[in-house]
$ cat coords-v9.txt   # compact mmCIF, C-alpha atoms
# COMPACT_ATOMS: atom_id res chain seq x y z
CA MET T 213 -1.37 8.13 -3.63
CA ALA T 214 -3.37 4.95 -3.04
CA ARG T 215 -2.82 4.09 -6.70
CA CYS T 216 0.93 4.67 -6.27
CA ARG T 217 0.98 2.18 -3.39
CA GLU T 218 -1.05 -0.30 -5.40
CA LEU T 219 1.40 -0.10 -8.29
CA ALA T 220 4.38 -0.38 -5.93
CA GLN T 221 2.93 -3.44 -4.19
CA ARG T 222 3.04 -5.40 -7.45
CA ALA T 223 6.81 -5.81 -7.02
CA ALA T 224 6.67 -6.80 -3.33
CA GLY T 225 9.53 -9.11 -2.43
CA GLN T 226 11.44 -8.37 -5.63
CA THR T 227 13.02 -4.92 -5.20
CA ALA T 228 15.39 -5.33 -2.22
CA PRO T 229 17.60 -3.63 -1.32
CA ASN T 230 15.57 -0.96 -3.11
CA PRO T 231 12.17 0.29 -1.90
CA LEU T 232 8.70 -0.32 -3.30
CA VAL T 233 7.75 2.68 -5.43
CA GLY T 234 4.78 3.51 -7.62
CA CYS T 235 4.18 6.67 -9.61
CA VAL T 236 1.19 8.32 -11.30
CA VAL T 237 1.25 11.36 -13.60
CA LEU T 238 -1.99 13.37 -13.67
CA ASN T 239 -2.76 16.11 -16.21
CA GLN T 240 -5.98 18.09 -15.75
CA GLY T 241 -7.48 15.24 -13.73
CA VAL T 242 -6.61 12.55 -16.28
CA VAL T 243 -4.03 9.83 -15.66
CA VAL T 244 -1.49 10.11 -18.47
CA GLY T 245 1.26 7.87 -17.08
CA GLU T 246 1.83 5.16 -14.50
CA GLY T 247 4.82 3.10 -13.43
CA SER T 248 6.42 1.04 -10.70
CA HIS T 249 9.96 0.02 -9.86
CA PRO T 250 10.39 -3.67 -10.79
CA GLY T 251 13.74 -4.31 -9.09
CA ALA T 252 17.27 -3.15 -8.31
CA GLY T 253 19.21 -2.02 -11.37
CA GLN T 254 16.06 -1.35 -13.40
CA PRO T 255 14.49 2.06 -14.08
CA HIS T 256 12.63 3.73 -11.25
CA ALA T 257 8.87 4.22 -11.13
CA GLU T 258 9.07 7.89 -12.12
CA VAL T 259 10.92 7.04 -15.33
CA TYR T 260 8.29 4.51 -16.43
CA ALA T 261 5.43 6.90 -15.64
CA LEU T 262 7.05 9.87 -17.40
CA THR T 263 7.92 7.77 -20.44
CA GLN T 264 4.30 6.71 -20.73
CA ALA T 265 3.08 10.26 -20.26
CA ALA T 266 5.54 11.66 -22.85
CA GLU T 267 4.61 15.26 -23.81
CA LYS T 268 1.52 15.13 -21.59
CA ALA T 269 3.83 15.26 -18.55
CA ARG T 270 4.49 18.98 -19.21
CA GLY T 271 2.52 21.01 -16.66
CA ALA T 272 1.23 17.83 -14.98
CA THR T 273 1.26 16.68 -11.36
CA LEU T 274 3.40 13.68 -10.48
CA TYR T 275 2.42 11.53 -7.49
CA VAL T 276 4.97 9.17 -5.95
CA ASN T 277 4.90 7.32 -2.62
CA LEU T 278 8.61 7.90 -1.90
CA GLU T 279 10.81 10.95 -2.45
CA PRO T 280 12.50 10.85 -5.88
CA CYS T 281 16.19 10.00 -5.68
CA ASN T 282 18.78 12.70 -6.31
CA HIS T 283 21.92 10.59 -6.68
CA THR T 284 23.46 8.36 -9.31
CA GLY T 285 23.53 4.70 -8.39
CA ARG T 286 22.81 1.90 -10.85
CA THR T 287 20.42 4.36 -12.52
CA PRO T 288 20.49 8.17 -13.02
CA PRO T 289 18.74 10.50 -10.53
CA CYS T 290 14.96 10.61 -10.90
CA THR T 291 14.86 14.30 -10.00
CA GLU T 292 16.54 15.21 -13.28
CA ALA T 293 14.03 13.14 -15.27
CA VAL T 294 11.17 14.90 -13.49
CA ILE T 295 12.68 18.35 -14.18
CA ARG T 296 13.31 17.56 -17.87
CA ALA T 297 9.72 16.37 -18.29
CA GLY T 298 8.39 19.78 -17.33
CA VAL T 299 6.21 18.61 -14.45
CA SER T 300 4.76 21.56 -12.49
CA GLN T 301 3.95 19.82 -9.19
CA VAL T 302 5.20 16.72 -7.34
CA VAL T 303 3.25 15.10 -4.51
CA VAL T 304 5.41 12.88 -2.27
CA GLY T 305 4.12 10.33 0.22
CA MET T 306 7.20 10.24 2.47
CA VAL T 307 10.79 11.44 2.68
CA ASP T 308 13.36 8.79 1.76
CA PRO T 309 15.33 7.77 4.91
CA ASP T 310 18.34 6.82 2.78
CA PRO T 311 21.04 9.36 3.70
CA ARG T 312 21.96 9.62 0.01
CA VAL T 313 18.52 11.16 -0.57
CA SER T 314 16.80 12.23 2.68
CA GLY T 315 15.28 15.52 1.57
CA THR T 316 17.78 16.38 -1.17
CA GLY T 317 15.43 15.12 -3.88
CA ILE T 318 12.68 17.43 -2.65
CA GLU T 319 15.15 20.32 -2.37
CA ARG T 320 16.42 19.78 -5.92
CA LEU T 321 12.89 19.82 -7.35
CA ARG T 322 12.04 23.03 -5.48
CA GLN T 323 15.25 24.66 -6.70
CA ALA T 324 14.06 23.91 -10.24
CA GLY T 325 10.82 25.79 -9.57
CA ILE T 326 8.60 22.73 -9.08
CA GLU T 327 5.99 22.87 -6.32
CA VAL T 328 6.49 19.92 -3.96
CA VAL T 329 3.92 18.67 -1.44
CA VAL T 330 5.23 16.17 1.14
CA GLY T 331 3.57 13.78 3.58
CA ILE T 332 0.37 12.83 1.76
CA ASP T 333 -0.94 9.55 3.21
CA GLU T 334 2.42 9.18 4.97
CA PRO T 335 1.48 6.46 7.53
CA ALA T 336 0.34 4.12 4.74
CA CYS T 337 3.47 4.90 2.72
CA GLN T 338 5.64 4.13 5.77
CA ARG T 339 3.89 0.77 6.27
CA LEU T 340 4.37 -0.14 2.62
CA ASN T 341 8.14 0.33 2.90
CA GLU T 342 8.68 -0.68 6.53
CA ALA T 343 11.24 -3.32 5.50
CA PHE T 344 13.20 -0.81 3.42
CA VAL T 345 13.12 1.73 6.26
CA GLN T 346 14.27 -0.92 8.75
CA ARG T 347 17.18 -1.88 6.51
CA VAL T 348 18.30 1.73 5.99
CA VAL T 349 17.83 2.97 9.56
CA HIS T 350 18.95 -0.09 11.54
CA GLN T 351 21.28 -1.80 9.03
CA ARG T 352 19.49 -5.14 9.21
CA PRO T 353 16.43 -6.70 7.56
CA LEU T 354 12.95 -6.50 9.05
CA GLY T 355 12.50 -9.76 10.95
CA LEU T 356 9.02 -11.32 10.95
CA LEU T 357 8.19 -14.33 13.14
CA LYS T 358 5.19 -16.31 11.92
CA TYR T 359 3.57 -19.26 13.63
CA ALA T 360 0.23 -21.03 13.85
CA MET T 361 -0.99 -22.46 17.13
CA THR T 362 -4.05 -23.99 18.71
CA LEU T 363 -6.16 -22.17 21.27
CA ASP T 364 -4.05 -23.76 24.03
CA GLY T 365 -0.77 -22.67 22.45
CA LYS T 366 0.41 -25.80 20.59
CA ILE T 367 2.02 -25.78 17.13
CA ALA T 368 1.70 -29.57 16.70
CA ALA T 369 0.16 -32.60 18.35
CA THR T 370 2.08 -34.59 20.98
CA GLY T 371 3.48 -36.85 18.25
CA GLY T 372 4.76 -33.88 16.21
CA HIS T 373 2.02 -33.96 13.54
CA SER T 374 1.11 -30.42 12.45
CA ALA T 375 -0.77 -30.59 9.12
CA TRP T 376 -2.75 -28.50 9.48
CA VAL T 377 -3.19 -26.28 12.51
CA THR T 378 -5.12 -23.61 10.59
CA GLY T 379 -7.60 -23.63 7.72
CA THR T 380 -7.24 -22.76 4.05
CA PRO T 381 -7.77 -18.95 4.30
CA ALA T 382 -5.04 -18.62 6.95
CA ARG T 383 -2.60 -20.73 4.94
CA ALA T 384 -3.31 -18.62 1.84
CA ALA T 385 -2.44 -15.50 3.86
CA VAL T 386 0.91 -17.11 4.73
CA HIS T 387 1.58 -17.84 1.06
CA GLN T 388 0.87 -14.18 0.26
CA LEU T 389 3.16 -13.08 3.09
CA ARG T 390 5.99 -15.24 1.77
CA ALA T 391 5.71 -13.57 -1.63
CA THR T 392 6.50 -10.19 -0.01
CA CYS T 393 9.67 -11.44 1.73
CA ASP T 394 13.22 -11.92 0.52
CA ALA T 395 14.06 -15.00 2.59
CA ILE T 396 12.38 -17.59 4.82
CA VAL T 397 14.34 -19.18 7.68
CA VAL T 398 13.73 -22.58 9.27
CA GLY T 399 15.78 -24.93 11.40
CA GLY T 400 16.82 -28.50 10.74
CA ASN T 401 13.95 -29.90 12.83
CA THR T 402 11.40 -28.25 10.54
CA VAL T 403 13.04 -29.84 7.49
CA ARG T 404 13.17 -33.27 9.13
CA HIS T 405 9.64 -33.29 10.54
CA ASP T 406 7.62 -31.23 8.04
CA ASN T 407 9.54 -31.43 4.73
CA PRO T 408 8.19 -27.97 3.75
CA ARG T 409 8.35 -26.30 0.35
CA LEU T 410 8.27 -22.72 1.72
CA THR T 411 6.95 -21.29 -1.55
CA SER T 412 4.23 -18.73 -2.25
CA HIS T 413 2.07 -21.41 -3.94
CA GLY T 414 1.39 -19.16 -6.93
CA HIS T 415 0.71 -15.96 -4.96
CA GLY T 416 3.82 -14.22 -6.28
CA HIS T 417 7.55 -14.67 -6.33
CA ASN T 418 9.23 -17.43 -4.29
CA PRO T 419 11.77 -16.12 -1.77
CA ARG T 420 15.04 -17.88 -1.07
CA ARG T 421 14.68 -20.69 1.47
CA VAL T 422 17.20 -20.66 4.35
CA VAL T 423 18.00 -23.58 6.66
CA MET T 424 20.07 -23.43 9.84
CA SER T 425 21.71 -26.76 10.75
CA ARG T 426 24.85 -27.14 12.87
CA ARG T 427 25.70 -30.71 11.84
CA LEU T 428 23.86 -30.97 8.50
CA ASP T 429 21.92 -33.95 9.87
CA LEU T 430 19.30 -33.34 7.22
CA PRO T 431 17.35 -35.69 4.92
CA ALA T 432 19.11 -36.73 1.71
CA GLN T 433 15.92 -35.88 -0.19
CA ALA T 434 13.68 -32.93 0.67
CA HIS T 435 11.44 -30.44 -1.11
CA LEU T 436 13.86 -27.65 -0.21
CA TRP T 437 16.65 -29.28 -2.22
CA ASN T 438 14.62 -28.68 -5.40
CA THR T 439 16.25 -25.38 -6.34
CA ALA T 440 14.50 -25.18 -9.70
CA ILE T 441 11.55 -23.44 -8.02
CA ALA T 442 13.53 -21.25 -5.61
CA PRO T 443 17.10 -21.01 -4.32
CA THR T 444 18.00 -22.70 -1.04
CA LEU T 445 20.77 -21.61 1.30
CA VAL T 446 21.96 -23.74 4.22
CA PHE T 447 23.96 -22.20 7.05
CA THR T 448 26.07 -24.58 9.08
CA THR T 449 29.33 -24.76 11.05
CA PRO T 450 32.88 -25.83 10.10
CA GLU T 451 32.32 -29.03 12.13
CA ALA T 452 29.54 -30.27 9.83
CA ASP T 453 29.95 -33.54 7.92
CA PRO T 454 31.89 -32.78 4.67
CA ALA T 455 30.08 -35.57 2.80
CA ARG T 456 26.66 -34.11 3.68
CA HIS T 457 27.94 -30.67 2.71
CA GLN T 458 28.98 -31.92 -0.73
CA ALA T 459 25.74 -33.87 -1.23
CA LEU T 460 23.73 -30.66 -0.78
CA VAL T 461 26.01 -28.71 -3.11
CA ASP T 462 25.60 -31.43 -5.74
CA GLN T 463 21.83 -30.81 -5.63
CA GLY T 464 22.29 -27.08 -6.26
CA VAL T 465 22.01 -25.96 -2.65
CA GLU T 466 24.34 -23.20 -1.47
CA VAL T 467 26.05 -24.13 1.82
CA ILE T 468 27.82 -21.58 3.99
CA ALA T 469 29.77 -22.48 7.14
CA LEU T 470 29.78 -19.73 9.77
CA PRO T 471 32.25 -19.68 12.67
CA ALA T 472 29.31 -19.22 15.06
CA LEU T 473 25.86 -20.22 13.84
CA SER T 474 23.19 -17.96 15.31
CA PRO T 475 20.12 -16.03 14.15
CA LYS T 476 22.12 -12.81 14.51
CA ALA T 477 24.94 -14.10 12.28
CA VAL T 478 22.48 -15.42 9.66
CA THR T 479 20.56 -12.13 9.68
CA GLN T 480 23.78 -10.19 9.12
CA HIS T 481 24.68 -12.44 6.19
CA LEU T 482 21.22 -11.98 4.64
CA TYR T 483 21.53 -8.21 5.09
CA ASP T 484 24.87 -8.32 3.28
CA GLN T 485 23.13 -10.19 0.45
CA GLY T 486 20.61 -7.35 0.10
CA CYS T 487 17.60 -8.78 1.96
CA ALA T 488 15.08 -6.32 3.41
CA ALA T 489 12.43 -8.68 4.85
CA VAL T 490 13.23 -12.03 6.48
CA LEU T 491 10.43 -14.37 7.55
CA TRP T 492 11.10 -16.85 10.34
CA GLU T 493 8.85 -19.92 10.07
CA CYS T 494 10.82 -22.01 12.51
CA GLY T 495 10.07 -24.10 15.58
CA GLY T 496 10.01 -22.86 19.15
CA GLN T 497 13.69 -23.33 19.97
CA LEU T 498 14.99 -21.35 17.00
CA ALA T 499 12.24 -18.75 17.45
CA ALA T 500 13.41 -18.18 21.03
CA GLN T 501 17.00 -17.81 19.86
CA ALA T 502 15.93 -15.28 17.21
CA LEU T 503 13.99 -13.30 19.81
CA CYS T 504 16.95 -13.35 22.21
CA ASP T 505 19.23 -12.19 19.38
CA ARG T 506 16.80 -9.31 18.77
CA VAL T 507 16.40 -9.98 15.06
CA ILE T 508 12.58 -10.18 15.26
CA ASP T 509 10.57 -6.98 14.83
CA LYS T 510 7.08 -8.14 13.94
CA LEU T 511 4.85 -11.15 14.67
CA TRP T 512 2.18 -12.91 12.67
CA ALA T 513 0.47 -15.28 15.11
CA PHE T 514 -2.38 -17.43 13.83
CA VAL T 515 -4.72 -18.92 16.44
CA ALA T 516 -6.94 -21.88 15.52
CA PRO T 517 -10.07 -22.93 17.49
CA LYS T 518 -8.56 -26.31 18.43
CA LEU T 519 -7.23 -27.91 21.61
CA VAL T 520 -4.37 -30.40 21.88
CA GLY T 521 -3.55 -30.33 25.59
CA GLY T 522 -0.74 -31.95 27.52
CA PRO T 523 2.71 -30.75 28.57
CA THR T 524 4.70 -32.38 25.73
CA ALA T 525 3.15 -30.88 22.59
CA PRO T 526 5.48 -28.22 21.12
CA THR T 527 4.79 -24.52 21.60
CA PRO T 528 5.70 -21.61 19.28
CA VAL T 529 8.43 -20.06 21.43
CA GLY T 530 11.00 -21.91 23.51
CA GLU T 531 12.74 -20.85 26.71
CA LEU T 532 13.38 -17.13 27.05
CA GLY T 533 14.46 -17.09 30.69
CA ILE T 534 11.49 -14.95 31.74
CA ARG T 535 10.65 -15.55 35.40
CA GLN T 536 8.19 -12.70 36.05
CA MET T 537 5.26 -11.45 33.99
CA ASP T 538 6.57 -7.90 34.03
CA MET T 539 9.60 -9.21 32.10
CA ALA T 540 7.44 -10.60 29.27
CA LEU T 541 8.07 -9.40 25.73
CA THR T 542 5.20 -7.18 24.67
CA LEU T 543 3.69 -6.11 21.37
CA GLU T 544 2.38 -2.74 20.23
CA ARG T 545 0.36 -1.52 17.24
CA THR T 546 -1.54 -4.80 17.32
CA THR T 547 -4.38 -5.78 14.98
CA TRP T 548 -6.68 -8.80 14.95
CA ARG T 549 -8.15 -10.26 11.78
CA THR T 550 -10.50 -13.19 11.18
CA LEU T 551 -9.53 -15.66 8.45
CA GLY T 552 -12.19 -18.33 8.18
CA ASP T 553 -12.42 -19.89 11.65
CA ASP T 554 -8.93 -18.70 12.60
CA LEU T 555 -7.62 -15.45 14.06
CA LEU T 556 -4.50 -13.57 13.00
CA LEU T 557 -2.72 -11.29 15.45
CA GLN T 558 -0.18 -8.91 13.94
CA GLY T 559 1.99 -6.70 16.10
CA TYR T 560 5.40 -5.14 16.59
CA LEU T 561 7.77 -6.09 19.39
CA VAL T 562 8.40 -3.28 21.84
CA ALA T 563 12.12 -2.53 21.88
CA PRO T 564 13.58 -3.48 25.28
CA GLN T 565 14.80 -0.74 27.58
CA ARG T 566 18.58 -0.57 27.54

$ encode --input "coords-v9.txt" --output "structure tokens"
Amino acid sequence: MARCRELAQRAAGQTAPNPLVGCVVLNQGVVVGEGSHPGAGQPHAEVYALTQAAEKARGATLYVNLEPCNHTGRTPPCTEAVIRAGVSQVVVGMVDPDPRVSGTGIERLRQAGIEVVVGIDEPACQRLNEAFVQRVVHQRPLGLLKYAMTLDGKIAATGGHSAWVTGTPARAAVHQLRATCDAIVVGGNTVRHDNPRLTSHGHGHNPRRVVMSRRLDLPAQAHLWNTAIAPTLVFTTPEADPARHQALVDQGVEVIALPALSPKAVTQHLYDQGCAAVLWECGGQLAAQALCDRVIDKLWAFVAPKLVGGPTAPTPVGELGIRQMDMALTLERTTWRTLGDDLLLQGYLVAPQR
């Protein structure tokens, strides 16, 4: 099952709205076929593995990290391919939460006389596809808020300079994280002050870059307007300057005017476009808005052993209206990791009591 996850991970950031799936076919202890799902509309992992195994699939055991599908979408049901191949046993990491599947794939295989074992290494399989599960269960992408701050909680110096808060290993981890996401969101201030590229820097695919700007008061030239390396989408309002709108379109940037520009509205639009994981690399004001809109599920907080001091240097999260400590947003399932001299805290926001 670990090999299935490894194969699946190769397509991270490229399969949405589909899940990450890897498959291994084992016959008498020998691997006779492997495969992974490369992206929506392409064959599923089971098909690639069974094709490679050919006649050696008969009587073999098939391992897959997610329940085989039992419906016809862009591709035929995987259950039928497994049955035709003559596999004798299927080992499944987790049940597919998609209501079109959700146990019916397992049931179909058992009806065909195939032994099915479910739940092997399930927690790891759930983590691998947490964005897919979020999208299916909650009808919105998994929202990740990432920031890097000094030991005293500053994301830049008092003059706004921020290159770099963390060291090379931490920045490489961010590049790897970007490669697993479908979109990265920043605000206009980030474009104006930092002129970021928001790419994976060779660590995998480049996600679409998303900018939120009410008035389109953005630089005429910026790295994000180079859409040859990755697409860029700018969300704005109907009141934005038409000339600036056209200037961005002329550079290949997609511009969408929303009646009400908010993190919630942008998240909904990205969900409609098929996104499963959205990374927010924005400043404190937009981060606070995203938290208030409840579109953030997970945090990546890098802490560098540096001090900036003073009341004017920017912080990672703006005003949330929290007046008492028992009202603070809290994280669960937290982990700490050392990256060079920096620390990385990962955790999941606790859903507020309704």

$ atom_distance --input "coords-v9.txt" --atom1 "CA of Met306 in chain T" --atom2 "CA of Glu279 in chain T"
6.1 Å

$ closest_residue --input "coords-v9.txt" --among "T:Gln351, T:Gln221, T:Thr273, T:Thr263" --to "Val242 in chain T" --atoms "only C-alpha atoms"
T:Thr273

$ closest_residue --input "coords-v9.txt" --among "T:Arg215, T:Arg222, T:Arg404, T:Arg352" --to "Cys494 in chain T" --atoms "all atoms listed in the file"
T:Arg404

$ atom_distance --input "coords-v9.txt" --atom1 "CA of Ala369 in chain T" --atom2 "CA of Pro475 in chain T"
26.3 Å

$ closest_residue --input "coords-v9.txt" --among "T:Ala324, T:Leu503, T:Val303, T:Leu445" --to "Glu466 in chain T" --atoms "only C-alpha atoms"
T:Leu445

$ atom_distance --input "coords-v9.txt" --atom1 "CA of Ala272 in chain T" --atom2 "CA of Ala297 in chain T"
9.2 Å

$ closest_residue --input "coords-v9.txt" --among "T:Asn239, T:Thr380, T:Asn282, T:Asn341" --to "Ser300 in chain T" --atoms "all atoms listed in the file"
T:Asn239

$ residues_around --input "coords-v9.txt" --residues "Val307 in chain T" --least-positions-apart "2" --cutoff "8 Å" --atoms "all atoms listed in the file" --output "PyMOL selection string"
chain T and resi 278-279+304-305+309+314-315+330-331

$ write_last_selection --input "coords-v9.txt" --atoms "C-alpha atoms" --output "compact mmCIF listing (two decimals), keeping the file's coordinate frame"
# COMPACT_ATOMS: atom_id res chain seq x y z
CA LEU T 278 8.61 7.90 -1.90
CA GLU T 279 10.81 10.95 -2.45
CA VAL T 304 5.41 12.88 -2.27
CA GLY T 305 4.12 10.33 0.22
CA PRO T 309 15.33 7.77 4.91
CA SER T 314 16.80 12.23 2.68
CA GLY T 315 15.28 15.52 1.57
CA VAL T 330 5.23 16.17 1.14
CA GLY T 331 3.57 13.78 3.58

$ closest_atom_pairs --input "coords-v9.txt" --of "range 342-388 of chain T" --to "range 526-544 of chain T" --cutoff "10 Å" --atoms "all atoms listed in the file" --output "Markdown table"
| residue | atom | partner | partner_atom | distance |
| --- | --- | --- | --- | --- |
| T:Leu357 | CA | T:Pro528 | CA | 9.8 |
| T:Lys358 | CA | T:Pro528 | CA | 9.1 |
| T:Tyr359 | CA | T:Pro528 | CA | 6.5 |
| T:Ala360 | CA | T:Pro528 | CA | 7.7 |
| T:Met361 | CA | T:Pro528 | CA | 7.1 |
| T:Thr362 | CA | T:Thr527 | CA | 9.3 |
| T:Asp364 | CA | T:Thr527 | CA | 9.2 |
| T:Gly365 | CA | T:Thr527 | CA | 5.9 |
| T:Lys366 | CA | T:Thr527 | CA | 4.7 |
| T:Ile367 | CA | T:Thr527 | CA | 5.4 |
| T:Ala368 | CA | T:Pro526 | CA | 6.0 |
| T:Ala369 | CA | T:Pro526 | CA | 7.4 |
| T:Thr370 | CA | T:Pro526 | CA | 7.2 |
| T:Gly371 | CA | T:Pro526 | CA | 9.3 |
| T:Gly372 | CA | T:Pro526 | CA | 7.5 |
| T:Ser374 | CA | T:Pro526 | CA | 10.0 |

$ closest_residue --input "coords-v9.txt" --among "T:Thr378, T:Thr546, T:Gln338, T:Asn418" --to "Ala391 in chain T" --atoms "all atoms listed in the file"
T:Asn418

$ closest_residue --input "coords-v9.txt" --among "T:Thr547, T:Thr291, T:Ser248, T:Gln388" --to "Leu321 in chain T" --atoms "only C-alpha atoms"
T:Thr291

$ residues_around --input "coords-v9.txt" --residues "Val423 in chain T" --least-positions-apart "3" --cutoff "7 Å" --atoms "all atoms listed in the file" --output "PyMOL selection string"
chain T and resi 397-400+445-447

$ residues_around --input "coords-v9.txt" --residues "Cys281 in chain T" --least-positions-apart "5" --cutoff "12 Å" --atoms "only C-alpha atoms" --output "PyMOL selection string"
chain T and resi 230-231+233+255-259+276+286-294+304+307-321

$ write_last_selection --input "coords-v9.txt" --atoms "C-alpha atoms" --output "PDB file, in the frame of the given file"
ATOM      1  CA  ASN T 230      15.570  -0.960  -3.110  1.00  0.00           C
ATOM      2  CA  PRO T 231      12.170   0.290  -1.900  1.00  0.00           C
ATOM      3  CA  VAL T 233       7.750   2.680  -5.430  1.00  0.00           C
ATOM      4  CA  PRO T 255      14.490   2.060 -14.080  1.00  0.00           C
ATOM      5  CA  HIS T 256      12.630   3.730 -11.250  1.00  0.00           C
ATOM      6  CA  ALA T 257       8.870   4.220 -11.130  1.00  0.00           C
ATOM      7  CA  GLU T 258       9.070   7.890 -12.120  1.00  0.00           C
ATOM      8  CA  VAL T 259      10.920   7.040 -15.330  1.00  0.00           C
ATOM      9  CA  VAL T 276       4.970   9.170  -5.950  1.00  0.00           C
ATOM     10  CA  ARG T 286      22.810   1.900 -10.850  1.00  0.00           C
ATOM     11  CA  THR T 287      20.420   4.360 -12.520  1.00  0.00           C
ATOM     12  CA  PRO T 288      20.490   8.170 -13.020  1.00  0.00           C
ATOM     13  CA  PRO T 289      18.740  10.500 -10.530  1.00  0.00           C
ATOM     14  CA  CYS T 290      14.960  10.610 -10.900  1.00  0.00           C
ATOM     15  CA  THR T 291      14.860  14.300 -10.000  1.00  0.00           C
ATOM     16  CA  GLU T 292      16.540  15.210 -13.280  1.00  0.00           C
ATOM     17  CA  ALA T 293      14.030  13.140 -15.270  1.00  0.00           C
ATOM     18  CA  VAL T 294      11.170  14.900 -13.490  1.00  0.00           C
ATOM     19  CA  VAL T 304       5.410  12.880  -2.270  1.00  0.00           C
ATOM     20  CA  VAL T 307      10.790  11.440   2.680  1.00  0.00           C
ATOM     21  CA  ASP T 308      13.360   8.790   1.760  1.00  0.00           C
ATOM     22  CA  PRO T 309      15.330   7.770   4.910  1.00  0.00           C
ATOM     23  CA  ASP T 310      18.340   6.820   2.780  1.00  0.00           C
ATOM     24  CA  PRO T 311      21.040   9.360   3.700  1.00  0.00           C
ATOM     25  CA  ARG T 312      21.960   9.620   0.010  1.00  0.00           C
ATOM     26  CA  VAL T 313      18.520  11.160  -0.570  1.00  0.00           C
ATOM     27  CA  SER T 314      16.800  12.230   2.680  1.00  0.00           C
ATOM     28  CA  GLY T 315      15.280  15.520   1.570  1.00  0.00           C
ATOM     29  CA  THR T 316      17.780  16.380  -1.170  1.00  0.00           C
ATOM     30  CA  GLY T 317      15.430  15.120  -3.880  1.00  0.00           C
ATOM     31  CA  ILE T 318      12.680  17.430  -2.650  1.00  0.00           C
ATOM     32  CA  GLU T 319      15.150  20.320  -2.370  1.00  0.00           C
ATOM     33  CA  ARG T 320      16.420  19.780  -5.920  1.00  0.00           C
ATOM     34  CA  LEU T 321      12.890  19.820  -7.350  1.00  0.00           C
TER      35      LEU T 321
END

$ residues_around --input "coords-v9.txt" --residues "Ile441 in chain T" --least-positions-apart "4" --cutoff "10 Å" --atoms "only C-alpha atoms" --output "PyMOL selection string"
chain T and resi 409+411+417-420+435-437

$ residues_around --input "coords-v9.txt" --residues "Gly251 in chain T" --least-positions-apart "4" --cutoff "8 Å" --atoms "all atoms listed in the file" --output "PDB file with C-alpha atoms, in the coordinates of the input"
ATOM      1  CA  ALA T 223       6.810  -5.810  -7.020  1.00  0.00           C
ATOM      2  CA  GLN T 226      11.440  -8.370  -5.630  1.00  0.00           C
ATOM      3  CA  THR T 227      13.020  -4.920  -5.200  1.00  0.00           C
ATOM      4  CA  ALA T 228      15.390  -5.330  -2.220  1.00  0.00           C
ATOM      5  CA  ASN T 230      15.570  -0.960  -3.110  1.00  0.00           C
TER       6      ASN T 230
END

$ build_atoms --input "coords-v9.txt" --residues "range 543-552 of chain T" --atoms "N, CA, C and O atoms" --output "short mmCIF file (atom, residue, chain, number, x, y, z; two decimals), in the coordinates of the input"
data_model
loop_
_atom_site.label_atom_id
_atom_site.label_comp_id
_atom_site.auth_asym_id
_atom_site.auth_seq_id
_atom_site.Cartn_x
_atom_site.Cartn_y
_atom_site.Cartn_z
N LEU T 543 3.93 -6.59 22.72
CA LEU T 543 3.69 -6.11 21.37
C LEU T 543 2.92 -4.80 21.42
O LEU T 543 2.14 -4.55 22.34
N GLU T 544 3.13 -3.98 20.39
CA GLU T 544 2.38 -2.74 20.23
C GLU T 544 1.85 -2.67 18.81
O GLU T 544 2.19 -3.50 17.97
N ARG T 545 0.99 -1.69 18.56
CA ARG T 545 0.36 -1.52 17.24
C ARG T 545 -0.23 -2.84 16.75
O ARG T 545 -0.03 -3.27 15.62
N THR T 546 -0.97 -3.49 17.63
CA THR T 546 -1.54 -4.80 17.32
C THR T 546 -2.85 -4.68 16.55
O THR T 546 -3.61 -3.73 16.74
N THR T 547 -3.10 -5.67 15.69
CA THR T 547 -4.38 -5.78 14.98
C THR T 547 -4.81 -7.24 15.00
O THR T 547 -3.97 -8.15 14.97
N TRP T 548 -6.11 -7.46 15.04
CA TRP T 548 -6.68 -8.80 14.95
C TRP T 548 -7.50 -8.90 13.67
O TRP T 548 -8.19 -7.95 13.29
N ARG T 549 -7.38 -10.05 13.01
CA ARG T 549 -8.15 -10.26 11.78
C ARG T 549 -8.69 -11.69 11.78
O ARG T 549 -8.01 -12.62 12.23
N THR T 550 -9.91 -11.85 11.29
CA THR T 550 -10.50 -13.19 11.18
C THR T 550 -10.25 -13.74 9.78
O THR T 550 -10.48 -13.06 8.78
N LEU T 551 -9.76 -14.96 9.71
CA LEU T 551 -9.53 -15.66 8.45
C LEU T 551 -10.21 -17.02 8.54
O LEU T 551 -9.67 -17.96 9.13
N GLY T 552 -11.41 -17.11 7.99
CA GLY T 552 -12.19 -18.33 8.18
C GLY T 552 -12.51 -18.49 9.65
O GLY T 552 -13.01 -17.56 10.30
#
